[in-house]
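Scroll down for the structure; my scribbles are underneath it.
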Amino acid sequence: MMRRWKFLAGVVALFCLGCFGVVHAEEVAITTPEELKRIEEEARREGAIVSYGLPDDWANWGESWRLFCEKYGLVHRDTDMSSAEEIQKFKAERNNPQADVGDIGIQFTPMAMKEGVTMPYKNSYWNEIPDWAKDPNGHWVVWYTGVMSIMVNTDLVPNVPRSFADLLKPEYKGKIALNDPRQAANANWAVFAASFAFGGNEYNVDPGLDFFAKLAKSGNLVPVNPTPANIEKGEAPIVINWDFLNLYQRDRLKGKIPLEVIIPEDGTVVGAYASIINRWAPHPNAARLWQEWVFSDQGQILLAKGYARPIRKVILPPEIQEKLLPESAYQSARVITDWEAFHKSAQKIAEEWGSRVLGE
């Protein structure tokens with residue numbers, strides 16, 4: 001399970017790529033039922049769809065792909081890669097395109113736009129998608145989100161922290177595990193989450209850096225990678241990570257290790273993944289149809305089954321809803337609105353983590 005939250009290298013690549021290229025401004029209409037029927041007919045004739053970065057073991061994509069292909073008679077192939085790699089591959093292969101669709105972290109959408117690799121498309125559910133979660137011209141659109149959360153092994157930590165501020169308590173010495181933000185994007189996002197909790201934002205991540213500096217100095221923060229193996233061994237009693245990853249671990253280890261997932265009450269951050277269609281897609285109608293499928297009620301429910309939070313408001317089956325945290329738990333979650341500021345702050349976190357937090 002590679003995926004985009006893992007490697008910060010892709011975030012840093014934003015500053016190396018995307019400094020040139022074109023930004024398309026085509027006017028695209030929202031897809032009508034008549035147009036959708038034509039798209040389906042053409043997609044069936046195309047017979048295949050190829051994706052980058054949508055592996056079976058992430059966000060329940062495997063079940064989504066299987067049902068989609070069964071319904072429309074298509075064959076699917078995926079190559080997993082980071083968000084930055086997807087964009088680079090789309091552009092590098094433009095004269096001999098291989099892939100049709102990609103799944104990129106929302107922070108990479110400016111790169112995709114600047115590199116000119118996206119095909120605009122407004123799916124039939126366009127008006128149900130929040131404005132912050134889509135490009136006005138249809139070049140990208142968010143299909144699910146994650147929120148930075150705290151997971152606690154209640155066998156080892158009976159007094160469950162409810163906020164980032166709680167994590168400063170002496171009782172949590174040697175218990176808090178976090179990836180290195182210089183290497184792991186999810187840990188970089190954790191600093192943004194803490195910044196929101198202590199009055200900062202994407203423009204000002206000093207509160208988050210100061211918070212983790214205090215955690216490190218107190219001994220609460222330990223240099224342990226919160227891998228599934230380390231969680232099982234009890235070496236990561238408290239983990240800061242995306243809710244959909246923590247919820248998956250909670251249920252995976254149910255009956256073996258008691259894990260509780262909470263959303264910090266004093267503030268946290270919403271991260272999102274966006275769908276993009278390759279500007280040079282060899283199967284453009286299959287690509288459009290895939291987006292229609294994922295944004296449908298069934299497609300959004302399948303994402304929720306994989307613990308991701310659907311971007312559309314859909315009624316989830318009770319057996320899926322009960323595995324997720326209630327909507328009321330997310331009152332403190334904030335969205336990033338300025339991605340250029342985010343990019344600069346993400347780089348600042350990576351550059352200053354060693355000196356400000358670890359005292360290197």
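By order of appearance in the structure tokens: chains A, B, ..., then residues from 1 within every chain, and ligands from 1 in the order shown.
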Do you have, as CSV, the list of residues of region 97-182 of chain A lying at most 10 Å from region 210-229 of chain A, each with its nearest atom pair and that distance in Å to one decimal, counting only C-alpha atoms and ordered by chain then number?
residue,atom,partner,partner_atom,distance
A:Phe164,CA,A:Phe211,CA,8.6
A:Ala165,CA,A:Phe211,CA,8.5
A:Leu167,CA,A:Leu215,CA,7.7
A:Leu168,CA,A:Leu215,CA,6.1
A:Lys169,CA,A:Asn220,CA,8.2
A:Pro170,CA,A:Asn220,CA,7.3
A:Glu171,CA,A:Asn220,CA,8.4
A:Tyr172,CA,A:Asn220,CA,5.6
A:Lys173,CA,A:Asn220,CA,3.8
A:Gly174,CA,A:Asn220,CA,4.6
A:Lys175,CA,A:Asn220,CA,5.9
A:Ile176,CA,A:Leu221,CA,4.8
A:Ala177,CA,A:Val224,CA,5.4
A:Leu178,CA,A:Asn225,CA,6.2
A:Asn179,CA,A:Asn225,CA,5.3
A:Asp180,CA,A:Pro223,CA,8.0
With DSSP run on the backbone, what are the alpha helix (DSSP H) residues within region 117-276 of chain A? I'd like them as a VMD selection string. chain A and resid 185 to 197 206 to 218 228 to 232 243 to 252
Closest atom pairs, region 127-244 of chain A residues within 12 Å of region 106-118 of chain A, only C-alpha atoms, as a Markdown table:
| residue | atom | partner | partner_atom | distance |
| --- | --- | --- | --- | --- |
| A:Trp132 | CA | A:Ile106 | CA | 10.3 |
| A:Ala133 | CA | A:Ile106 | CA | 8.4 |
| A:Lys134 | CA | A:Ile106 | CA | 9.4 |
| A:Asp135 | CA | A:Thr109 | CA | 8.9 |
| A:Asn137 | CA | A:Thr118 | CA | 10.7 |
| A:Gly138 | CA | A:Thr118 | CA | 9.1 |
| A:His139 | CA | A:Thr118 | CA | 5.6 |
| A:Trp140 | CA | A:Thr109 | CA | 7.1 |
| A:Val141 | CA | A:Ile106 | CA | 8.6 |
| A:Val142 | CA | A:Ile106 | CA | 7.3 |
| A:Trp143 | CA | A:Ile106 | CA | 10.2 |
| A:Tyr144 | CA | A:Ile106 | CA | 10.3 |
| A:Thr145 | CA | A:Ile106 | CA | 9.6 |
| A:Gly146 | CA | A:Ile106 | CA | 11.3 |
| A:Ala185 | CA | A:Gln107 | CA | 10.9 |
| A:Trp189 | CA | A:Gln107 | CA | 10.9 |
| A:Glu202 | CA | A:Gln107 | CA | 11.7 |
May I have the residues within 6 Å of Ile320 (chain A) as JSON, numbers by chain, using only C-alpha atoms and disregarding those fewer than 3 positions away in the same chain? {"A": [305, 317, 323]}
Would you put the residues from that selection into a file with C-alpha atoms, as a compact mmCIF listing (two decimals), in the first residue's frame?
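Output file part-v2.txt follows:
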# COMPACT_ATOMS: atom_id res chain seq x y z
CA LYS A 305 -16.81 0.99 3.01
CA PRO A 317 -26.06 1.48 4.94
CA LYS A 323 -17.87 1.63 11.36
Could you give me, as a PyMOL selection string, each residue of region 273-338 of chain A that DSSP assigns to strand (DSSP E or B) when run on this structure's backbone? chain A and resi 273-278+309-310+333-335
Write a file of the just-selected residues containing N, CA and C atoms, as a compact mmCIF listing (two decimals), in the first residue's frame.
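Everything below was put into part-v4.txt:
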# COMPACT_ATOMS: atom_id res chain seq x y z
N TYR A 273 -8.49 13.75 -1.73
CA TYR A 273 -7.99 13.19 -2.98
C TYR A 273 -8.90 13.63 -4.12
N ALA A 274 -8.27 13.90 -5.26
CA ALA A 274 -9.03 14.39 -6.41
C ALA A 274 -8.89 13.45 -7.59
N SER A 275 -9.97 13.36 -8.35
CA SER A 275 -9.99 12.62 -9.60
C SER A 275 -9.52 13.53 -10.72
N ILE A 276 -8.61 13.01 -11.54
CA ILE A 276 -8.22 13.72 -12.76
C ILE A 276 -8.31 12.76 -13.94
N ILE A 277 -8.67 13.31 -15.09
CA ILE A 277 -8.71 12.55 -16.33
C ILE A 277 -7.56 13.03 -17.20
N ASN A 278 -6.81 12.09 -17.73
CA ASN A 278 -5.66 12.41 -18.58
C ASN A 278 -6.13 13.17 -19.83
N ARG A 309 -14.13 9.22 3.56
CA ARG A 309 -15.34 10.01 3.74
C ARG A 309 -15.80 10.54 2.38
N PRO A 310 -16.96 10.10 1.90
CA PRO A 310 -17.45 10.54 0.59
C PRO A 310 -17.62 12.06 0.52
N ALA A 333 -12.72 20.04 12.33
CA ALA A 333 -11.94 19.83 11.12
C ALA A 333 -11.99 21.05 10.21
N ARG A 334 -10.83 21.46 9.72
CA ARG A 334 -10.73 22.63 8.86
C ARG A 334 -10.17 22.23 7.50
N VAL A 335 -10.59 22.92 6.46
CA VAL A 335 -10.08 22.64 5.11
C VAL A 335 -9.03 23.68 4.74
Leaving out Glu93 (chain A) and any residue of its chain fewer than 6 positions from it, which residues lie within 12 Å of it when counting only C-alpha atoms, given as a count of residues only? 11
Which neighbours of region 40-46 of chain A fall inside 7 Å, counting only C-alpha atoms, when residues of the same chain fewer than 3 positions from it are skipped, and could you give them as a VMD selection string? chain A and resid 36 to 37 72 to 74 283 285 to 286 289
Next, the residues of the selection above should be written as a compact mmCIF listing (two decimals), in the first residue's frame with C-alpha atoms.
# COMPACT_ATOMS: atom_id res chain seq x y z
CA LEU A 36 -24.22 10.25 -20.24
CA LYS A 37 -25.99 7.67 -22.38
CA TYR A 72 -19.98 -1.93 -18.29
CA GLY A 73 -17.99 -4.83 -19.73
CA LEU A 74 -14.58 -3.18 -19.35
CA HIS A 283 -10.14 5.66 -23.43
CA ASN A 285 -15.28 7.92 -22.43
CA ALA A 286 -14.41 5.08 -20.09
CA LEU A 289 -17.88 6.94 -17.06
Need to verify the contact set: Trp65 (chain A), 9 Å, only C-alpha atoms, exclusion of same-chain residues closer than 5 positions in sequence. Can you return it as a VMD selection string? chain A and resid 56 60 70 76 290
Hey, can you spit out that residue selection with C-alpha atoms as a compact mmCIF listing (two decimals), in the first residue's frame?
# COMPACT_ATOMS: atom_id res chain seq x y z
CA ASP A 56 -7.19 -2.38 -5.15
CA ASN A 60 -11.84 -0.07 -1.37
CA GLU A 70 -18.71 -6.03 -14.54
CA HIS A 76 -9.07 -2.50 -15.97
CA TRP A 290 -15.56 5.89 -14.23
Minimum-distance residue to Arg312 (chain A), chosen among A:Ala346, A:Ala187, A:Ile129, A:Leu325 (using only C-alpha atoms):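 Comparing A:Ala346, A:Ala187, A:Ile129, A:Leu325 against Arg312 (chain A), the winner is A:Ile129.
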re CA of Ile240 (chain A) and CA of Gly199 (chain A): distance 18.9 Å
